[in-house]
Amino acid sequence: MRALPICLLALMLSGCSILSRSPVEPTQSTATAPKTEPTRPRTPRAAPVKIYTNAEDLVGKPFRDLGEVSGDSCQMSNQDSPPNIPTARKRMQINASKMKANAVLLHKCEITSGAPGCYRQAVCVGSALKVNAK
């Protein structure tokens, strides 16, 4: 009776070693290689848009006001991640760069409730500026 468990254990161990396979050498496919698309020339990245939080920092620098610019971050429902002011600020910079601005004078950033389509929303508003180097 004692020999039966030992024989079953030996049988199970030898059965597992039969199932393991040695690595198979890769075979070469006869299918044609997919054609690679020619790469597009990369467009140069726009210069980063600098954020000024204080209007006094612009004293003595020639600049042109290009208009108001804003960015937002939306929390669609109560279960979504909360709105993010750094994201709203970054989107404001992106929108300013689309206006060919190289700076933004930040007026305010706030989190509001009840915006259409958003449970809560972070909004940053500023003026897009084209600051000329001296």
# chains A, B, ... in the order shown; residues from 1 in each chain; ligands from 1
$ residues_around --residues "A:Lys90" --least-positions-apart "6" --cutoff "10 Å" --atoms "only C-alpha atoms" --output "VMD selection string"
chain A and resid 49 51 70 to 73 96 124
$ atom_distance --atom1 "atom CA of A:Asn84" --atom2 "atom CA of A:Ala103"
21.0 Å
$ closest_residue --among "A:Val125, A:Cys118, A:Ala101, A:Cys74" --to "A:Arg89" --atoms "only C-alpha atoms"
A:Val125
$ select_by_dssp --residues "stretch 39-93 of chain A" --states "strand (DSSP E or B)" --output "VMD selection string"
chain A and resid 50 to 52 63 to 75
$ closest_residue --among "A:Met76, A:Val131, A:Leu66, A:Ala10" --to "A:Lys98" --atoms "only C-alpha atoms"
A:Leu66
$ closest_residue --among "A:Pro62, A:Ala55, A:Leu129, A:Ile6" --to "A:Lys100" --atoms "only C-alpha atoms"
A:Leu129
